[in-house]
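Reproduced below: target_35.cif, with mmCIF, C-alpha atoms and all ligand atoms.
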```
data_model
loop_
_atom_site.label_atom_id
_atom_site.label_comp_id
_atom_site.auth_asym_id
_atom_site.auth_seq_id
_atom_site.Cartn_x
_atom_site.Cartn_y
_atom_site.Cartn_z
CA MET U 1 75.96 115.18 166.21
CA HIS U 2 75.75 111.84 167.97
CA PRO U 3 79.26 110.45 168.75
CA ASP U 4 78.41 107.12 167.04
CA VAL U 5 77.58 109.00 163.85
CA LYS U 6 80.77 110.97 164.17
CA SER U 7 82.75 107.72 164.44
CA LEU U 8 80.89 106.31 161.46
CA LEU U 9 81.73 109.38 159.38
CA THR U 10 85.42 108.82 160.14
CA VAL U 11 85.06 105.24 158.88
CA GLN U 12 83.30 106.52 155.77
CA GLN U 13 86.19 108.92 155.10
CA ASP U 14 88.56 105.95 155.24
CA ASP U 15 86.33 103.95 152.88
CA LEU U 16 86.20 106.78 150.35
CA GLN U 17 89.99 106.95 150.44
CA ILE U 18 90.15 103.17 149.97
CA TYR U 19 87.83 103.37 146.92
CA ALA U 20 89.96 106.13 145.42
CA LEU U 21 93.16 104.12 145.96
CA GLU U 22 91.55 100.99 144.51
CA ALA U 23 90.45 102.97 141.45
CA ARG U 24 94.03 104.18 141.00
CA LEU U 25 95.28 100.59 141.22
CA GLU U 26 92.73 99.51 138.60
CA SER U 27 93.78 102.35 136.32
CA LEU U 28 97.29 100.87 136.18
CA ALA U 29 96.05 97.73 134.36
CA PRO U 30 95.06 99.44 131.09
CA ARG U 31 98.36 101.36 131.11
CA LEU U 32 100.22 98.05 131.35
CA ALA U 33 98.00 96.55 128.63
CA ALA U 34 98.72 99.55 126.37
CA LEU U 35 102.47 98.99 126.79
CA GLU U 36 102.05 95.31 125.99
CA GLN U 37 99.99 96.13 122.90
CA GLU U 38 102.60 98.58 121.61
CA ARG U 39 105.36 96.02 122.11
CA SER U 40 103.50 93.18 120.40
CA ARG U 41 102.57 95.41 117.44
CA ALA U 42 106.28 96.01 116.85
CA ALA U 43 107.11 92.31 117.31
CA ASP U 44 104.35 91.30 114.86
CA ALA U 45 105.68 93.73 112.25
CA ILE U 46 109.10 92.04 112.48
CA GLU U 47 107.51 88.63 112.08
CA ARG U 48 105.63 89.78 108.97
CA ALA U 49 108.77 91.31 107.46
CA ARG U 50 110.71 88.10 108.14
CA ARG U 51 108.08 86.03 106.39
CA ALA U 52 108.24 88.43 103.42
CA VAL U 53 112.03 87.98 103.30
CA GLU U 54 111.62 84.20 103.25
CA ALA U 55 109.02 84.37 100.47
CA GLU U 56 111.25 86.60 98.32
CA GLU U 57 114.26 84.37 98.98
CA ALA U 58 112.25 81.40 97.70
CA ARG U 59 111.29 83.39 94.60
CA HIS U 60 114.95 84.28 94.13
CA ARG U 61 115.95 80.60 94.21
CA GLU U 62 113.29 79.84 91.57
CA ALA U 63 114.52 82.73 89.44
CA ARG U 64 118.08 81.38 89.57
CA THR U 65 116.87 77.95 88.48
CA ARG U 66 115.09 79.63 85.54
CA ILE U 67 118.31 81.40 84.54
CA GLU U 68 120.10 78.07 84.52
CA THR U 69 117.39 76.46 82.36
CA HIS U 70 117.40 79.38 79.92
CA ARG U 71 121.21 79.31 79.67
CA GLN U 72 121.12 75.63 78.77
CA LEU U 73 118.49 76.38 76.13
CA ALA U 74 120.69 79.16 74.77
CA GLU U 75 123.73 76.86 74.65
CA ARG U 76 121.74 74.21 72.82
CA SER U 77 120.51 76.84 70.33
CA GLN U 78 124.09 77.98 69.89
CA ARG U 79 125.19 74.43 69.03
CA GLN U 80 122.28 73.99 66.63
CA TYR U 81 123.13 77.27 64.95
CA GLU U 82 126.74 76.16 64.51
CA SER U 83 125.73 72.86 62.94
CA VAL U 84 123.29 74.11 60.31
CA THR U 85 123.91 73.12 56.71
CA THR U 86 121.50 75.30 54.72
CA PRO U 87 120.78 79.06 54.74
CA ARG U 88 117.13 78.32 55.56
CA GLU U 89 118.13 76.31 58.62
CA ALA U 90 120.54 79.10 59.56
CA THR U 91 117.75 81.72 59.63
CA ALA U 92 115.53 79.56 61.82
CA ALA U 93 118.41 78.61 64.15
CA LEU U 94 119.48 82.25 64.53
CA ALA U 95 115.93 83.28 65.44
CA GLN U 96 115.85 80.49 67.99
CA LEU U 97 119.23 81.50 69.40
CA GLU U 98 118.23 85.14 69.72
CA GLN U 99 115.02 84.22 71.45
CA THR U 100 116.73 81.99 74.03
CA LYS U 101 119.35 84.72 74.67
CA ARG U 102 116.53 87.17 75.35
CA MET U 103 115.03 84.68 77.78
CA VAL U 104 118.37 84.47 79.63
CA THR U 105 118.60 88.26 79.84
CA GLU U 106 115.04 88.57 81.07
CA SER U 107 115.39 85.90 83.73
CA GLU U 108 118.66 87.49 84.89
CA ARG U 109 116.94 90.88 85.18
CA ASP U 110 114.08 89.27 87.05
CA ALA U 111 116.43 87.57 89.54
CA GLU U 112 118.28 90.82 90.06
CA SER U 113 115.11 92.72 90.87
CA ILE U 114 114.01 90.03 93.33
CA HIS U 115 117.47 90.18 94.89
CA GLY U 116 116.98 93.95 95.33
CA ARG U 117 113.67 93.36 97.09
CA VAL U 118 115.26 90.79 99.42
CA ALA U 119 117.94 93.33 100.38
CA GLN U 120 115.28 95.98 100.96
CA LEU U 121 113.18 93.67 103.12
CA ARG U 122 116.22 92.64 105.17
CA GLU U 123 116.92 96.31 105.83
CA GLN U 124 113.32 96.67 106.90
CA VAL U 125 113.70 93.77 109.36
CA THR U 126 116.82 95.41 110.80
CA SER U 127 115.11 98.76 111.25
CA LEU U 128 112.02 97.13 112.78
CA GLN U 129 114.27 95.29 115.22
CA ALA U 130 115.88 98.59 116.19
CA GLU U 131 112.39 100.02 116.67
CA LEU U 132 111.41 97.10 118.93
CA GLU U 133 114.56 97.58 120.99
CA ARG U 134 113.80 101.27 121.32
CA ILE U 135 110.25 100.47 122.49
CA GLU U 136 111.49 97.87 124.97
CA GLN U 137 114.04 100.31 126.34
CA GLU U 138 111.40 102.99 126.68
CA GLN U 139 109.03 100.52 128.30
CA ARG U 140 111.60 99.42 130.83
CA GLU U 141 111.30 102.91 132.30
CA ALA U 142 107.51 103.05 131.94
CA ARG U 143 107.07 99.59 133.46
CA GLY U 144 109.44 100.50 136.27
CA SER U 145 107.43 103.61 137.02
CA LEU U 146 104.18 101.62 136.89
CA ASP U 147 105.61 99.15 139.41
CA ALA U 148 106.73 102.03 141.63
CA ASP U 149 103.25 103.62 141.42
CA ARG U 150 101.67 100.31 142.33
CA ALA U 151 103.95 99.87 145.34
CA VAL U 152 103.15 103.38 146.63
CA ILE U 153 99.40 102.91 146.20
CA GLU U 154 99.45 99.45 147.79
CA SER U 155 101.31 100.71 150.82
CA GLU U 156 98.95 103.68 151.20
CA LEU U 157 96.03 101.29 150.83
CA ALA U 158 97.38 99.02 153.55
CA SER U 159 97.77 101.90 155.98
CA VAL U 160 94.27 103.31 155.27
CA GLN U 161 92.81 99.81 155.68
CA ALA U 162 94.52 99.46 159.04
CA ALA U 163 93.19 102.88 160.13
CA ARG U 164 89.73 101.90 158.94
CA ALA U 165 89.76 98.73 161.02
CA GLU U 166 90.82 100.76 164.04
CA HIS U 167 88.15 103.46 163.49
CA ALA U 168 85.44 100.87 162.87
CA ARG U 169 85.85 99.56 166.43
CA ALA U 170 84.32 102.80 167.72
CA VAL U 171 81.09 102.28 165.72
CA PRO U 172 78.28 100.14 167.18
CA ARG U 173 78.14 96.79 165.40
CA GLY U 174 74.54 97.15 164.13
CA MET U 175 75.15 100.61 162.72
CA LEU U 176 78.36 99.45 161.06
CA GLY U 177 76.56 96.45 159.51
CA THR U 178 73.82 98.64 158.03
CA TYR U 179 76.40 101.09 156.73
CA ASP U 180 78.51 98.29 155.17
CA ARG U 181 75.50 96.88 153.31
CA VAL U 182 74.65 100.27 151.78
CA ARG U 183 78.28 101.11 151.10
CA ARG U 184 78.98 97.86 149.26
CA ARG U 185 76.02 98.51 146.99
CA LYS U 186 77.00 102.10 146.22
CA ARG U 187 80.79 101.95 146.39
CA ALA U 188 80.60 105.67 147.13
CA GLU U 189 79.50 108.03 149.88
CA ALA U 190 76.63 106.30 151.71
CA VAL U 191 75.99 108.46 154.78
CA PHE U 192 74.60 111.97 154.41
CA PRO U 193 73.31 114.61 156.81
CA LEU U 194 69.76 115.80 156.71
CA ARG U 195 69.61 119.10 154.90
CA GLY U 196 66.73 120.90 156.55
CA PRO U 197 63.81 118.46 156.37
CA SER U 198 65.26 116.53 153.43
CA CYS U 199 67.86 113.98 152.36
CA GLY U 200 71.26 115.64 151.89
CA ALA U 201 71.93 113.51 148.82
CA CYS U 202 68.69 113.66 146.82
CA ASP U 203 66.44 116.19 148.58
CA THR U 204 63.59 113.74 149.23
CA ALA U 205 61.64 114.99 152.25
CA VAL U 206 61.92 112.95 155.47
CA PRO U 207 58.79 112.79 157.69
CA THR U 208 58.93 115.01 160.80
CA GLN U 209 58.46 112.09 163.18
CA ARG U 210 61.42 110.19 161.82
CA ARG U 211 63.57 113.29 161.90
CA ALA U 212 62.71 113.84 165.58
CA ALA U 213 63.69 110.23 166.38
CA MET U 214 66.98 110.63 164.53
CA ALA U 215 67.82 113.79 166.46
CA THR U 216 67.25 112.22 169.86
CA SER U 217 68.70 108.71 169.41
CA GLY U 218 71.43 109.39 166.84
CA ALA U 219 69.93 106.56 164.78
CA LEU U 220 70.39 106.41 161.01
CA GLU U 221 67.42 106.38 158.68
CA MET U 222 67.45 105.20 155.12
CA CYS U 223 66.28 107.73 152.53
CA GLU U 224 63.25 106.44 150.64
CA GLY U 225 64.36 108.34 147.56
CA CYS U 226 67.97 107.23 147.04
CA GLY U 227 68.75 104.65 149.72
CA ALA U 228 71.38 106.83 151.43
CA LEU U 229 71.75 106.61 155.19
CA LEU U 230 70.76 109.88 156.84
CA TYR U 231 71.74 111.37 160.18
CA ALA U 232 70.69 114.48 162.05
CA ALA U 233 73.55 116.92 161.78
CA GLU U 234 72.60 119.00 164.84
ZN ZN U 301 68.03 110.51 149.33
#
```

Have the structure of the file written as structure tokens, please.
Amino acid sequence: MHPDVKSLLTVQQDDLQIYALEARLESLAPRLAALEQERSRAADAIERARRAVEAEEARHREARTRIETHRQLAERSQRQYESVTTPREATAALAQLEQTKRMVTESERDAESIHGRVAQLREQVTSLQAELERIEQEQREARGSLDADRAVIESELASVQAARAEHARAVPRGMLGTYDRVRRRKRAEAVFPLRGPSCGACDTAVPTQRRAAMATSGALEMCEGCGALLYAAE
């Protein structure tokens, strides 16, 4: 193998490592987004429960006002009943009194049941807050480990990039430029050996004449089938 090609293959090894490290860095983003989504789901649930508490509290205030109104009605009916002068009036006033007393009882029952719901919803808010705290605690560890992963990958990346720059100096400028163009397009392995008379990546046959030139000069040839750069391995 021509020494220039050998140097280029070393650079390619570095580039493949760089791509792998970059892919690992990119894979951290969705993990972070998933954490954020989990946290905001829990926070949203608290917000909804709080709004429900407020709505029920407003209903409770209305219910208490209704009790007050119904009690006043009942008191007035009571006074009317006490001031009747005929048996006929007494019957009507008693019916009225009983009805207003029923209204008081019903509105009291109503207020009590709303009060129960408020208590229930407040408990729900408390338990959702505990859940959010649990998630945040858990995430502190997960986020810490994500940050640690990122730091490790970034430092590895920096050292491979430095090695790549060093190795690239051994490759002739023209060859490196051609390789870089193909590599940027593929973001994967770009240089392959001939396998017999064919491209090592896609098996497209390479004309004899070109193969002979590659063997003597160490030059790279682009595969007409897949665009890979080919070199003579022997
Ligand atoms: Zn090919």

### Query
So what do you get for CA of Glu189 (chain U) versus CA of Gln12 (chain U), distance-wise?
7.2 Å

### Task
Identify, on the basis of all atoms listed in the file, every residue whose closest approach to Cys199 (chain U) does not exceed 10 Å; exclude the query and any residue fewer than 3 positions from it along the same chain; express the result as an MDAnalysis selection string.
chainID U and resid 192:196 202:206 221:231

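The nearest approach to Arg71 (chain U) among the residues U:Glu108, U:Glu56, U:Glu166, U:Asp180, with only C-alpha atoms taken into account, belongs to U:Glu108.
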
### Query
So which one's closest to Gln17 (chain U), U:Ser159, U:Thr216, U:Thr178, U:Ser77? Using all atoms listed in the file, please.
U:Ser159

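The coordinates place CA of Gln78 (chain U) at 28.2 Å from CA of Ile114 (chain U).
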
### Atomic separation - CA of Leu28 (chain U) relative to CA of Glu47 (chain U), Å
28.9 Å

### Task
Determine the nearest neighbour of Val191 (chain U) from the options U:Ala34, U:Leu220, U:Ala151, U:Leu97, counting only C-alpha atoms.
U:Leu220

### Summary
Using only C-alpha atoms and all ligand atoms, the residue out of U:Pro87, U:Gly218, U:Pro207, U:Gly200 with shortest distance to ligand ZN 301 (chain U) is U:Gly200

### Task
For region 125-139 of chain U, work out the shell of residues within 12 Å, counting all atoms listed in the file and skipping chain neighbours fewer than 4 positions away, then give it as JSON, numbers by chain.
{"U": [31, 32, 33, 34, 35, 36, 37, 38, 39, 40, 41, 42, 43, 44, 45, 46, 47, 48, 49, 50, 51, 52, 53, 54, 118, 119, 120, 121, 143, 144, 145, 146, 147]}

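Using only C-alpha atoms for every distance, the candidate list U:Glu75, U:Glu57, U:Asp14, U:Glu234 yields U:Glu57 as the residue closest to Gly116 (chain U).
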
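Counting all atoms listed in the file, the residue from U:Arg76, U:Gln96, U:Val152, U:Glu62 that sits nearest to Arg24 (chain U) is U:Val152.
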
Any chance you could work out the axis-aligned box around region 79-89 of chain U, listed atoms only, 6 Å on each side, giving centre and edge lengths in Å to one decimal, as AutoDock Vina command-line options?
```
--center_x 121.9 --center_y 76.0 --center_z 61.9 --size_x 21.6 --size_y 18.2 --size_z 26.3
```

Can you patch up region 89-100 of chain U, filling it in to all heavy atoms, and show the result as a short mmCIF file (atom, residue, chain, number, x, y, z; two decimals), keeping the file's coordinate frame?
```
data_model
loop_
_atom_site.label_atom_id
_atom_site.label_comp_id
_atom_site.auth_asym_id
_atom_site.auth_seq_id
_atom_site.Cartn_x
_atom_site.Cartn_y
_atom_site.Cartn_z
N GLU U 89 117.95 76.81 57.24
CA GLU U 89 118.13 76.31 58.62
C GLU U 89 118.82 77.38 59.47
O GLU U 89 118.52 77.56 60.65
CB GLU U 89 118.99 75.05 58.62
CG GLU U 89 118.21 73.78 58.32
CD GLU U 89 119.12 72.55 58.27
OE1 GLU U 89 120.36 72.71 58.38
OE2 GLU U 89 118.58 71.46 58.15
N ALA U 90 119.79 78.08 58.84
CA ALA U 90 120.54 79.10 59.56
C ALA U 90 119.62 80.21 60.07
O ALA U 90 119.73 80.66 61.22
CB ALA U 90 121.63 79.69 58.67
N THR U 91 118.69 80.66 59.24
CA THR U 91 117.75 81.72 59.63
C THR U 91 116.91 81.28 60.81
O THR U 91 116.78 82.02 61.81
CB THR U 91 116.82 82.06 58.44
OG1 THR U 91 117.63 82.29 57.29
CG2 THR U 91 115.97 83.27 58.75
N ALA U 92 116.37 80.07 60.72
CA ALA U 92 115.53 79.56 61.82
C ALA U 92 116.34 79.39 63.10
O ALA U 92 115.89 79.77 64.19
CB ALA U 92 114.92 78.22 61.41
N ALA U 93 117.58 78.86 62.97
CA ALA U 93 118.41 78.61 64.15
C ALA U 93 118.84 79.92 64.81
O ALA U 93 118.89 80.03 66.04
CB ALA U 93 119.63 77.79 63.77
N LEU U 94 119.09 80.95 63.98
CA LEU U 94 119.48 82.25 64.53
C LEU U 94 118.33 82.88 65.31
O LEU U 94 118.52 83.40 66.42
CB LEU U 94 119.91 83.18 63.39
CG LEU U 94 120.47 84.53 63.83
CD1 LEU U 94 121.71 84.36 64.70
CD2 LEU U 94 120.78 85.42 62.61
N ALA U 95 117.11 82.76 64.74
CA ALA U 95 115.93 83.28 65.44
C ALA U 95 115.77 82.59 66.79
O ALA U 95 115.51 83.24 67.82
CB ALA U 95 114.69 83.10 64.57
N GLN U 96 115.96 81.29 66.76
CA GLN U 96 115.85 80.49 67.99
C GLN U 96 116.91 80.93 69.01
O GLN U 96 116.63 81.12 70.19
CB GLN U 96 116.01 78.99 67.63
CG GLN U 96 116.11 78.05 68.80
CD GLN U 96 114.74 77.83 69.46
OE1 GLN U 96 113.71 78.16 68.86
NE2 GLN U 96 114.73 77.28 70.66
N LEU U 97 118.12 81.10 68.53
CA LEU U 97 119.23 81.50 69.40
C LEU U 97 118.97 82.87 70.04
O LEU U 97 119.14 83.06 71.24
CB LEU U 97 120.54 81.53 68.59
CG LEU U 97 121.78 82.02 69.36
CD1 LEU U 97 122.06 81.12 70.56
CD2 LEU U 97 123.00 82.04 68.42
N GLU U 98 118.49 83.79 69.19
CA GLU U 98 118.23 85.14 69.72
C GLU U 98 117.13 85.11 70.78
O GLU U 98 117.20 85.79 71.79
CB GLU U 98 117.89 86.09 68.57
CG GLU U 98 119.16 86.61 67.91
CD GLU U 98 118.91 87.31 66.58
OE1 GLU U 98 117.73 87.34 66.14
OE2 GLU U 98 119.89 87.79 65.99
N GLN U 99 116.13 84.31 70.51
CA GLN U 99 115.02 84.22 71.45
C GLN U 99 115.49 83.66 72.80
O GLN U 99 115.15 84.18 73.86
CB GLN U 99 113.91 83.35 70.89
CG GLN U 99 112.59 83.59 71.62
CD GLN U 99 111.62 82.44 71.44
OE1 GLN U 99 111.75 81.65 70.49
NE2 GLN U 99 110.67 82.34 72.34
N THR U 100 116.28 82.59 72.76
CA THR U 100 116.73 81.99 74.03
C THR U 100 117.68 82.94 74.77
O THR U 100 117.66 83.02 76.00
CB THR U 100 117.43 80.63 73.80
OG1 THR U 100 118.45 80.79 72.80
CG2 THR U 100 116.45 79.57 73.35
#
```
